[in-house]
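Q: This is coords39.pdb, which holds PDB, C-alpha atoms and all ligand atoms:
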MODEL        1
ATOM      1  CA  MET A   1       0.000   0.000   0.000
ATOM      2  CA  THR A   2       1.637   3.243  -1.074
ATOM      3  CA  ASN A   3       1.134   6.544   0.708
ATOM      4  CA  GLU A   4      -0.504   8.002  -2.395
ATOM      5  CA  ILE A   5      -3.332   5.496  -2.080
ATOM      6  CA  TYR A   6      -3.757   6.242   1.639
ATOM      7  CA  ASP A   7      -3.974   9.968   0.837
ATOM      8  CA  LEU A   8      -6.655   9.242  -1.756
ATOM      9  CA  LEU A   9      -8.806   7.516   0.845
ATOM     10  CA  ASP A  10      -9.763  10.800   2.514
ATOM     11  CA  GLY A  11     -10.162   9.308   5.995
ATOM     12  CA  GLY A  12     -12.298   6.417   4.735
ATOM     13  CA  ARG A  13     -14.770   8.392   2.608
ATOM     14  CA  LEU A  14     -13.186   6.636  -0.376
ATOM     15  CA  LEU A  15     -12.293   2.935  -0.308
ATOM     16  CA  PRO A  16     -10.550   0.695  -2.883
ATOM     17  CA  LEU A  17     -13.589  -1.299  -3.940
ATOM     18  CA  VAL A  18     -12.958  -4.635  -5.663
ATOM     19  CA  GLU A  19     -16.622  -5.609  -5.962
ATOM     20  CA  ASP A  20     -19.943  -5.392  -4.152
ATOM     21  CA  PHE A  21     -22.734  -7.896  -4.607
ATOM     22  CA  TYR A  22     -25.854  -9.291  -2.974
ATOM     23  CA  THR A  23     -25.574 -12.993  -2.206
ATOM     24  CA  ILE A  24     -25.971 -15.566   0.558
ATOM     25  CA  GLN A  25     -23.356 -15.657   3.340
ATOM     26  CA  GLY A  26     -21.704 -19.008   2.644
ATOM     27  CA  GLU A  27     -19.569 -19.501   5.745
ATOM     28  CA  GLY A  28     -19.614 -19.641   9.506
ATOM     29  CA  TYR A  29     -22.292 -18.629  11.997
ATOM     30  CA  HIS A  30     -24.411 -16.597   9.543
ATOM     31  CA  ALA A  31     -24.223 -19.164   6.705
ATOM     32  CA  GLY A  32     -27.460 -19.144   4.742
ATOM     33  CA  LYS A  33     -28.319 -15.499   5.472
ATOM     34  CA  PRO A  34     -28.788 -13.092   2.545
ATOM     35  CA  ALA A  35     -26.126 -10.389   2.779
ATOM     36  CA  TYR A  36     -24.653  -7.579   0.715
ATOM     37  CA  PHE A  37     -20.894  -8.067   0.351
ATOM     38  CA  ILE A  38     -18.439  -5.180   0.123
ATOM     39  CA  ARG A  39     -14.987  -6.451  -0.898
ATOM     40  CA  LEU A  40     -12.026  -4.096  -0.427
ATOM     41  CA  GLY A  41      -8.638  -4.419  -2.154
ATOM     42  CA  GLY A  42      -5.256  -4.901  -0.478
ATOM     43  CA  CYS A  43      -4.006  -7.552   1.947
ATOM     44  CA  ASP A  44      -1.095  -7.531   4.410
ATOM     45  CA  VAL A  45      -1.107 -11.304   4.971
ATOM     46  CA  GLY A  46      -0.862 -13.258   1.683
ATOM     47  CA  CYS A  47      -2.114 -16.818   2.248
ATOM     48  CA  ARG A  48      -0.818 -19.384  -0.279
ATOM     49  CA  TRP A  49      -4.331 -20.832  -0.758
ATOM     50  CA  CYS A  50      -6.276 -17.547  -0.677
ATOM     51  CA  ASP A  51      -9.391 -17.773  -2.841
ATOM     52  CA  ALA A  52      -9.424 -13.992  -3.312
ATOM     53  CA  LYS A  53      -5.875 -13.333  -4.584
ATOM     54  CA  PHE A  54      -7.295 -10.945  -7.178
ATOM     55  CA  THR A  55      -7.868  -8.481  -4.306
ATOM     56  CA  TRP A  56      -4.251  -8.233  -3.147
ATOM     57  CA  ASN A  57      -3.070  -5.261  -5.218
ATOM     58  CA  ALA A  58      -5.162  -2.365  -3.915
ATOM     59  CA  LYS A  59      -3.793  -0.092  -6.641
ATOM     60  CA  LEU A  60      -5.866  -1.965  -9.212
ATOM     61  CA  TYR A  61      -9.104  -0.823  -7.580
ATOM     62  CA  PRO A  62     -10.486   2.688  -7.795
ATOM     63  CA  PRO A  63     -10.945   4.699  -4.612
ATOM     64  CA  THR A  64     -14.755   4.611  -4.577
ATOM     65  CA  PRO A  65     -17.001   7.056  -2.716
ATOM     66  CA  ILE A  66     -18.646   5.210   0.156
ATOM     67  CA  ARG A  67     -21.964   6.953  -0.553
ATOM     68  CA  ASP A  68     -22.139   5.082  -3.913
ATOM     69  CA  ILE A  69     -21.623   1.759  -2.125
ATOM     70  CA  VAL A  70     -24.168   2.572   0.593
ATOM     71  CA  GLU A  71     -26.766   3.681  -1.989
ATOM     72  CA  ARG A  72     -26.437   0.387  -3.857
ATOM     73  CA  ALA A  73     -26.689  -1.666  -0.665
ATOM     74  CA  ALA A  74     -29.661   0.296   0.648
ATOM     75  CA  SER A  75     -31.550  -0.039  -2.650
ATOM     76  CA  LEU A  76     -31.845  -3.804  -2.083
ATOM     77  CA  PRO A  77     -33.812  -5.778   0.529
ATOM     78  CA  ALA A  78     -30.555  -6.807   2.259
ATOM     79  CA  GLN A  79     -30.574  -6.445   6.051
ATOM     80  CA  ALA A  80     -26.978  -7.525   6.604
ATOM     81  CA  ILE A  81     -23.682  -6.291   5.175
ATOM     82  CA  VAL A  82     -20.452  -8.303   5.048
ATOM     83  CA  ILE A  83     -17.299  -6.187   4.771
ATOM     84  CA  THR A  84     -14.468  -8.356   3.462
ATOM     85  CA  GLY A  85     -11.463  -8.272   1.157
ATOM     86  CA  GLY A  86      -8.578  -8.522   0.928
ATOM     87  CA  GLU A  87      -8.049  -7.360   4.484
ATOM     88  CA  PRO A  88     -10.702  -4.758   5.320
ATOM     89  CA  THR A  89      -9.029  -3.654   8.577
ATOM     90  CA  LEU A  90      -6.346  -1.895   6.496
ATOM     91  CA  TYR A  91      -8.795   0.995   6.124
ATOM     92  CA  PRO A  92     -10.626   3.390   8.433
ATOM     93  CA  LEU A  93     -14.175   2.053   8.415
ATOM     94  CA  GLU A  94     -15.921   4.714  10.550
ATOM     95  CA  PRO A  95     -17.515   6.631   7.666
ATOM     96  CA  LEU A  96     -18.701   3.516   5.798
ATOM     97  CA  THR A  97     -20.087   1.735   8.849
ATOM     98  CA  ALA A  98     -21.753   4.880  10.268
ATOM     99  CA  SER A  99     -23.522   5.447   6.981
ATOM    100  CA  LEU A 100     -24.641   1.791   6.760
ATOM    101  CA  LYS A 101     -25.900   1.895  10.376
ATOM    102  CA  ASP A 102     -27.895   5.060   9.532
ATOM    103  CA  ARG A 103     -29.739   2.892   7.011
ATOM    104  CA  GLY A 104     -30.522   0.339   9.716
ATOM    105  CA  LEU A 105     -28.199  -2.322   8.347
ATOM    106  CA  GLU A 106     -26.433  -4.961  10.429
ATOM    107  CA  ILE A 107     -22.673  -5.051   9.819
ATOM    108  CA  PHE A 108     -20.449  -8.120   9.804
ATOM    109  CA  ILE A 109     -16.723  -8.148   9.085
ATOM    110  CA  GLU A 110     -14.431 -10.919   7.821
ATOM    111  CA  THR A 111     -10.883 -10.313   9.051
ATOM    112  CA  SER A 112      -7.573 -11.988   9.754
ATOM    113  CA  GLY A 113      -7.239  -9.605  12.719
ATOM    114  CA  THR A 114      -3.886  -8.111  11.715
ATOM    115  CA  ASN A 115      -4.954  -4.494  12.326
ATOM    116  CA  PRO A 116      -7.176  -2.774  14.896
ATOM    117  CA  LEU A 117     -10.890  -2.740  14.126
ATOM    118  CA  SER A 118     -12.528   0.596  13.368
ATOM    119  CA  GLY A 119     -16.111   1.714  12.925
ATOM    120  CA  ARG A 120     -19.412   0.220  14.062
ATOM    121  CA  ILE A 121     -19.299  -3.532  13.608
ATOM    122  CA  ASP A 122     -22.000  -5.859  14.950
ATOM    123  CA  TRP A 123     -20.290  -9.192  14.288
ATOM    124  CA  VAL A 124     -16.593  -9.998  13.987
ATOM    125  CA  CYS A 125     -15.573 -13.159  12.138
ATOM    126  CA  LEU A 126     -11.875 -13.686  12.875
ATOM    127  CA  SER A 127      -9.931 -16.060  10.632
ATOM    128  CA  PRO A 128      -6.407 -16.077  12.107
ATOM    129  CA  LYS A 129      -3.361 -16.806   9.977
ATOM    130  CA  ARG A 130      -0.104 -18.327  11.280
ATOM    131  CA  GLN A 131       2.226 -16.171   9.172
ATOM    132  CA  GLN A 132       0.734 -12.979  10.617
ATOM    133  CA  PRO A 133      -1.103 -13.735  13.873
ATOM    134  CA  PRO A 134      -4.094 -11.684  14.990
ATOM    135  CA  LEU A 135      -3.866  -8.809  17.464
ATOM    136  CA  PRO A 136      -4.925  -9.723  21.033
ATOM    137  CA  GLU A 137      -7.609  -7.008  20.890
ATOM    138  CA  VAL A 138      -9.243  -8.642  17.864
ATOM    139  CA  LEU A 139      -9.128 -12.096  19.477
ATOM    140  CA  ALA A 140     -10.926 -10.550  22.463
ATOM    141  CA  ARG A 141     -13.573  -8.941  20.213
ATOM    142  CA  ALA A 142     -14.253 -12.000  17.995
ATOM    143  CA  ASP A 143     -17.835 -13.280  17.878
ATOM    144  CA  GLU A 144     -16.726 -16.146  15.685
ATOM    145  CA  LEU A 145     -13.330 -17.815  15.249
ATOM    146  CA  LYS A 146     -13.108 -19.514  11.840
ATOM    147  CA  VAL A 147      -9.835 -21.335  11.290
ATOM    148  CA  ILE A 148      -8.919 -22.679   7.857
ATOM    149  CA  ILE A 149      -7.598 -26.227   8.045
ATOM    150  CA  GLU A 150      -5.250 -27.305   5.248
ATOM    151  CA  THR A 151      -3.471 -30.102   7.109
ATOM    152  CA  PRO A 152      -4.388 -31.869  10.384
ATOM    153  CA  ASP A 153      -1.582 -29.967  12.109
ATOM    154  CA  ASP A 154      -3.548 -26.717  11.622
ATOM    155  CA  ILE A 155      -5.965 -27.914  14.315
ATOM    156  CA  ARG A 156      -3.292 -27.093  16.900
ATOM    157  CA  TRP A 157      -3.213 -23.520  15.578
ATOM    158  CA  ALA A 158      -6.995 -23.441  15.881
ATOM    159  CA  GLU A 159      -6.827 -24.539  19.532
ATOM    160  CA  GLU A 160      -4.118 -21.994  20.298
ATOM    161  CA  ASN A 161      -6.363 -19.189  19.043
ATOM    162  CA  ALA A 162      -9.402 -20.626  20.802
ATOM    163  CA  SER A 163      -7.561 -20.297  24.112
ATOM    164  CA  HIS A 164      -7.483 -16.487  23.633
ATOM    165  CA  VAL A 165     -11.067 -15.714  22.566
ATOM    166  CA  SER A 166     -13.927 -14.733  24.861
ATOM    167  CA  GLY A 167     -16.405 -17.213  26.303
ATOM    168  CA  HIS A 168     -19.165 -16.167  23.866
ATOM    169  CA  CYS A 169     -17.069 -16.721  20.724
ATOM    170  CA  ARG A 170     -18.317 -19.499  18.398
ATOM    171  CA  LEU A 171     -15.645 -21.883  17.119
ATOM    172  CA  TYR A 172     -15.459 -23.131  13.508
ATOM    173  CA  LEU A 173     -13.075 -25.328  11.563
ATOM    174  CA  GLN A 174     -13.298 -24.682   7.817
ATOM    175  CA  PRO A 175     -11.578 -26.970   5.304
ATOM    176  CA  GLU A 176      -9.211 -25.308   2.845
ATOM    177  CA  TRP A 177     -11.168 -25.593  -0.388
ATOM    178  CA  SER A 178      -8.626 -27.489  -2.518
ATOM    179  CA  ARG A 179      -8.064 -30.042   0.299
ATOM    180  CA  TYR A 180     -11.768 -30.539   1.015
ATOM    181  CA  ARG A 181     -11.921 -34.307   0.376
ATOM    182  CA  GLU A 182      -8.939 -35.190   2.566
ATOM    183  CA  ILE A 183      -9.711 -32.765   5.394
ATOM    184  CA  VAL A 184     -13.462 -33.186   5.918
ATOM    185  CA  PRO A 185     -13.184 -36.669   7.503
ATOM    186  CA  VAL A 186     -10.496 -35.369   9.895
ATOM    187  CA  LEU A 187     -12.712 -32.419  10.896
ATOM    188  CA  VAL A 188     -15.763 -34.623  11.400
ATOM    189  CA  GLU A 189     -13.864 -36.871  13.819
ATOM    190  CA  TYR A 190     -12.310 -33.887  15.605
ATOM    191  CA  ALA A 191     -15.617 -32.039  16.075
ATOM    192  CA  LYS A 192     -17.343 -35.212  17.319
ATOM    193  CA  ALA A 193     -14.597 -35.641  19.936
ATOM    194  CA  ASN A 194     -14.406 -31.886  20.727
ATOM    195  CA  PRO A 195     -17.968 -30.624  20.336
ATOM    196  CA  ARG A 196     -17.278 -27.001  21.163
ATOM    197  CA  TRP A 197     -15.982 -26.890  17.585
ATOM    198  CA  ASN A 198     -18.422 -26.764  14.656
ATOM    199  CA  ILE A 199     -17.595 -27.337  11.003
ATOM    200  CA  SER A 200     -18.009 -24.521   8.466
ATOM    201  CA  ILE A 201     -18.238 -25.419   4.790
ATOM    202  CA  GLN A 202     -18.050 -22.818   2.016
ATOM    203  CA  ASN A 203     -21.675 -23.370   0.969
ATOM    204  CA  HIS A 204     -21.598 -20.735  -1.789
ATOM    205  CA  LYS A 205     -19.029 -22.772  -3.727
ATOM    206  CA  PHE A 206     -21.459 -25.718  -3.849
ATOM    207  CA  MET A 207     -24.326 -23.395  -4.817
ATOM    208  CA  HIS A 208     -22.183 -21.779  -7.568
ATOM    209  CA  ILE A 209     -23.018 -18.283  -6.373
ATOM    210  CA  PRO A 210     -20.563 -15.453  -5.581
TER     211      PRO A 210
HETATM  212  C1  LIG B   1     -10.831 -14.000   1.355
HETATM  213  S1  LIG B   1     -10.851 -13.808   3.096
HETATM  214  C2  LIG B   1     -11.032 -12.029   3.293
HETATM  215  C3  LIG B   1     -11.108 -11.565   4.721
HETATM  216  C4  LIG B   1      -9.809 -11.628   5.544
HETATM  217  N1  LIG B   1      -8.654 -11.303   4.802
HETATM  218  C5  LIG B   1      -9.665 -13.004   6.171
HETATM  219  O1  LIG B   1      -8.793 -13.779   5.727
HETATM  220  O2  LIG B   1     -10.445 -13.300   7.091
HETATM  221  C6  LIG B   1     -12.506 -14.386   3.562
HETATM  222  C7  LIG B   1     -12.557 -15.740   4.214
HETATM  223  O3  LIG B   1     -12.225 -16.748   3.262
HETATM  224  C8  LIG B   1     -11.392 -17.693   3.890
HETATM  225  N2  LIG B   1     -10.672 -18.402   2.825
HETATM  226  C9  LIG B   1      -9.859 -17.834   1.899
HETATM  227  N3  LIG B   1      -9.367 -18.759   1.054
HETATM  228  C10 LIG B   1      -9.890 -19.954   1.445
HETATM  229  C11 LIG B   1      -9.750 -21.295   0.979
HETATM  230  N4  LIG B   1      -8.955 -21.609  -0.061
HETATM  231  N5  LIG B   1     -10.452 -22.255   1.611
HETATM  232  C12 LIG B   1     -11.243 -21.962   2.683
HETATM  233  N6  LIG B   1     -11.412 -20.722   3.166
HETATM  234  C13 LIG B   1     -10.742 -19.728   2.576
HETATM  235  C14 LIG B   1     -10.542 -16.815   4.802
HETATM  236  O4  LIG B   1      -9.856 -17.527   5.809
HETATM  237  C15 LIG B   1     -11.590 -15.895   5.381
HETATM  238  O5  LIG B   1     -12.248 -16.531   6.452
HETATM  239  N1  LIG B   2     -21.216 -16.242  -0.501
HETATM  240  C1  LIG B   2     -20.059 -15.889   0.058
HETATM  241  N2  LIG B   2     -19.894 -16.018   1.393
HETATM  242  C2  LIG B   2     -18.711 -15.600   1.914
HETATM  243  N3  LIG B   2     -18.368 -15.557   3.229
HETATM  244  C3  LIG B   2     -17.143 -14.989   3.324
HETATM  245  C4  LIG B   2     -16.690 -14.666   2.046
HETATM  246  C5  LIG B   2     -15.490 -13.855   1.806
HETATM  247  O1  LIG B   2     -14.863 -13.976   0.753
HETATM  248  O2  LIG B   2     -15.162 -13.064   2.693
HETATM  249  C6  LIG B   2     -17.678 -15.063   1.143
HETATM  250  C7  LIG B   2     -17.841 -15.008  -0.279
HETATM  251  O3  LIG B   2     -16.951 -14.649  -1.062
HETATM  252  N4  LIG B   2     -19.063 -15.419  -0.750
HETATM  253  S1  LIG B   3      -5.718 -12.816   4.887
HETATM  254 FE1  LIG B   3      -7.652 -13.199   3.807
HETATM  255  S2  LIG B   3      -7.521 -12.002   1.875
HETATM  256 FE2  LIG B   3      -5.490 -12.021   2.784
HETATM  257  S3  LIG B   3      -4.491 -13.699   1.717
HETATM  258 FE3  LIG B   3      -5.328 -14.581   3.615
HETATM  259  S4  LIG B   3      -7.376 -15.322   3.065
HETATM  260 FE4  LIG B   3      -6.689 -13.966   1.398
HETATM  261 MG    MG B   4     -14.869 -15.732  -0.411
ENDMDL
END
Is it possible to give me this structure as structure tokens?
Ligand SMILES: C[S@@+](CC[C@H](N)C(=O)[O-])C[C@H]1O[C@@H](n2cnc3c(N)ncnc32)[C@H](O)[C@@H]1O
Ligand SMILES: Nc1nc2[nH]cc(C(=O)O)c2c(=O)[nH]1
Ligand code: SF4
Ligand SMILES: [Mg+2]

A:
Amino acid sequence: MTNEIYDLLDGGRLLPLVEDFYTIQGEGYHAGKPAYFIRLGGCDVGCRWCDAKFTWNAKLYPPTPIRDIVERAASLPAQAIVITGGEPTLYPLEPLTASLKDRGLEIFIETSGTNPLSGRIDWVCLSPKRQQPPLPEVLARADELKVIIETPDDIRWAEENASHVSGHCRLYLQPEWSRYREIVPVLVEYAKANPRWNISIQNHKFMHIP
């Protein structure tokens, strides 16, 4: 992220918008709920298996006025908004979230927790990554911990994070998409033996929707 792009953001009134679309939340606690997705460009983590690599270079995406995004979202029957990326915590989210709350919308965020949270967020889905661990303050705020499991060893990383979240935080193990077949049986056995963990499947990929 270059300074020029930060300057262009005007305190969060402009954001590098990759795409926005109305779909069904596919993952985690709110899976199955219609939601308007706002996907921001730029990521400070860089996961090998990321299914949104096209977002990484924020410079490819135009600084977009948040009022345009909010107008589009509010013109639809959506009641919930998912702010994702890329890594949406790279940006000041006060203006966007305040404007969405003014329209009575519920706001969820998908984050790896590498930067402090900003703005008015009703539900925090934290998906921690080993190569850049989450901030303690985001672990404490998480409503949902959703750990991506690529190999059985990643379950230890999931447990390590679970030991730092609050008592109300829901716990999910989500198979890395390309390893689905091998990992699902491992997760089923683990969740049956450790029932505070639930399994999250990327439902939208089976439904062939965004
Ligand atoms: C693309 S990320 C964007 C938000 C944020 N950077 C994060 O990682 O939480 C959205 C969600 O997709 C998950 N994800 C990305 N690639 C995946 C894959 N190949 N298989 C399963 N989940 C994946 C991430 O862990 C995260 O929970
Ligand atoms: N339908 C749908 N649900 C999702 N939940 C989290 C997603 C994301 O990429 O952040 C996502 C996504 O890309 N599509
Ligand atoms: S942190 Fe999220 S957006 Fe960034 S590379 Fe990892 S999965 Fe992709
Ligand atoms: Mg996705």

Q: Might you pull out every residue within 9 Å of segment 195-199 of chain A, with only C-alpha atoms counted and same-chain residues fewer than 3 positions away left off, and present them as an mmCIF file with C-alpha atoms, in the frame of the given file?

A:
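So the final result, stored in out.cif, reads:
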data_model
loop_
_atom_site.group_PDB
_atom_site.id
_atom_site.type_symbol
_atom_site.label_atom_id
_atom_site.label_comp_id
_atom_site.auth_asym_id
_atom_site.auth_seq_id
_atom_site.Cartn_x
_atom_site.Cartn_y
_atom_site.Cartn_z
ATOM 1 C CA GLY A 28 -19.614 -19.641 9.506
ATOM 2 C CA ARG A 170 -18.317 -19.499 18.398
ATOM 3 C CA LEU A 171 -15.645 -21.883 17.119
ATOM 4 C CA TYR A 172 -15.459 -23.131 13.508
ATOM 5 C CA LEU A 173 -13.075 -25.328 11.563
ATOM 6 C CA GLN A 174 -13.298 -24.682 7.817
ATOM 7 C CA PRO A 175 -11.578 -26.970 5.304
ATOM 8 C CA VAL A 184 -13.462 -33.186 5.918
ATOM 9 C CA LEU A 187 -12.712 -32.419 10.896
ATOM 10 C CA VAL A 188 -15.763 -34.623 11.400
ATOM 11 C CA TYR A 190 -12.310 -33.887 15.605
ATOM 12 C CA ALA A 191 -15.617 -32.039 16.075
ATOM 13 C CA LYS A 192 -17.343 -35.212 17.319
#

Q: Could you list, as a ChimeraX atom specification, all protein and nucleic acid residues with an atom at most 9 Å from ligand LIG 3 (chain B), counting only C-alpha atoms and all ligand atoms?

A: /A:41-53,55-56,84-88,110-114,127-129,132,148

Q: For each of A:Glu94, A:Asp102, A:Glu176, A:Glu182, take the minimum atom-to-atom distance to Lys146 of chain A, counting only C-alpha atoms, then give the residue where this is smallest.

A: A:Glu176

Q: Need the axis-aligned box for ligand LIG 2 (chain B) with 5 Å each side, so what are the centre and edges in Å to one decimal, as AutoDock Vina command-line options?

A:
--center_x -18.0 --center_y -14.7 --center_z 1.1 --size_x 16.4 --size_y 13.2 --size_z 14.4

Q: As an exercise, work out the distance from atom CA of Thr64 of chain A to atom CA of Leu14 of chain A in Å and give it to one decimal place.

A: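 Result for atom CA of Thr64 of chain A versus atom CA of Leu14 of chain A: 4.9 Å, one decimal.
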
Q: Considering all atoms listed in the file, state which residue in the set A:Pro77, A:Pro116, A:Pro34, A:Pro95 is at the smallest distance from Pro136 of chain A.

A: A:Pro116

Q: Pick out the closest residue to Ile121 of chain A from this set: A:Leu93, A:Leu145, A:Ala35, A:Val70. Count all atoms listed in the file.

A: A:Leu93

Q: With all atoms listed in the file as the basis for distance, which of A:Ile149, A:Ile38, A:Ile183, A:Leu60 is at the shortest distance from Ile109 of chain A?

A: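 Once distances to Ile109 of chain A are computed over all atoms listed in the file, the minimum belongs to A:Ile38.
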
Q: For the file shown, report as a list of chain:residue names the outcome of the PyMOL selection byres (((chain A and resi 27) around 10) and not hetatm) at residue level.

A: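 That expression, the PyMOL selection byres (((chain A and resi 27) around 10) and not hetatm), corresponds here to A:Ile24, A:Gln25, A:Gly26, A:Gly28, A:Tyr29, A:His30, A:Ala31, A:Gly32, A:Lys33, A:Cys125, A:Lys146, A:Tyr172, A:Gln174, A:Ile199, A:Ser200, A:Ile201, A:Gln202, A:Asn203, A:His204.
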
Q: List, as a list in words, every residue that the PyMOL selection byres (((chain A and resi 59) around 8) and not hetatm) selects in the file provided.

A: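 The output of the PyMOL selection byres (((chain A and resi 59) around 8) and not hetatm) on this file is Met1, Ile5, Pro16, Gly41, Gly42, Asn57, Ala58, Leu60, Tyr61 and Pro62 of chain A.
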
Q: To one decimal in Å, tell me the separation between atom CA of Asp153 of chain A and atom C13 of ligand LIG 1 (chain B).

A: 16.7 Å

Q: Please report the interatomic distance between atom CA of Ala80 of chain A and atom CA of Phe108 of chain A in Å with one decimal.

A: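 Pair atom CA of Ala80 of chain A / atom CA of Phe108 of chain A returns 7.3 Å.
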
Q: Return the single residue from A:Asp68, A:Leu105, A:Val82, A:Arg13 that is closest to ligand LIG 2 (chain B), with distances computed using only C-alpha atoms and all ligand atoms.

A: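 The closest residue to ligand LIG 2 (chain B) is A:Val82.
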
Q: Point out the residue among A:Phe21, A:Pro133, A:Glu150, A:Leu90 with the least atom-to-atom distance to Ala78 of chain A, counting all atoms listed in the file.

A: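 Closest residue, counting all atoms listed in the file: A:Phe21.
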
Q: Where does the PyMOL selection byres (((chain A and resi 71) around 12) and not hetatm) land in this file, that is, which residues does it pick, as a ChimeraX atom specification?

A: /A:20,36,65-70,72-76,78,96,99-100,102-103

Q: Do you know which residues are at most 6 Å from Leu17 of chain A counting only C-alpha atoms, after dropping those on the same chain fewer than 2 positions away, and could you put them as a JSON list (two decimals) with C-alpha atoms, keeping the file's coordinate frame?

A:
[["chain", "number", "residue", "atom", "x", "y", "z"],
["A", 15, "LEU", "CA", -12.29, 2.94, -0.31],
["A", 19, "GLU", "CA", -16.62, -5.61, -5.96],
["A", 40, "LEU", "CA", -12.03, -4.10, -0.43],
["A", 61, "TYR", "CA", -9.10, -0.82, -7.58]]
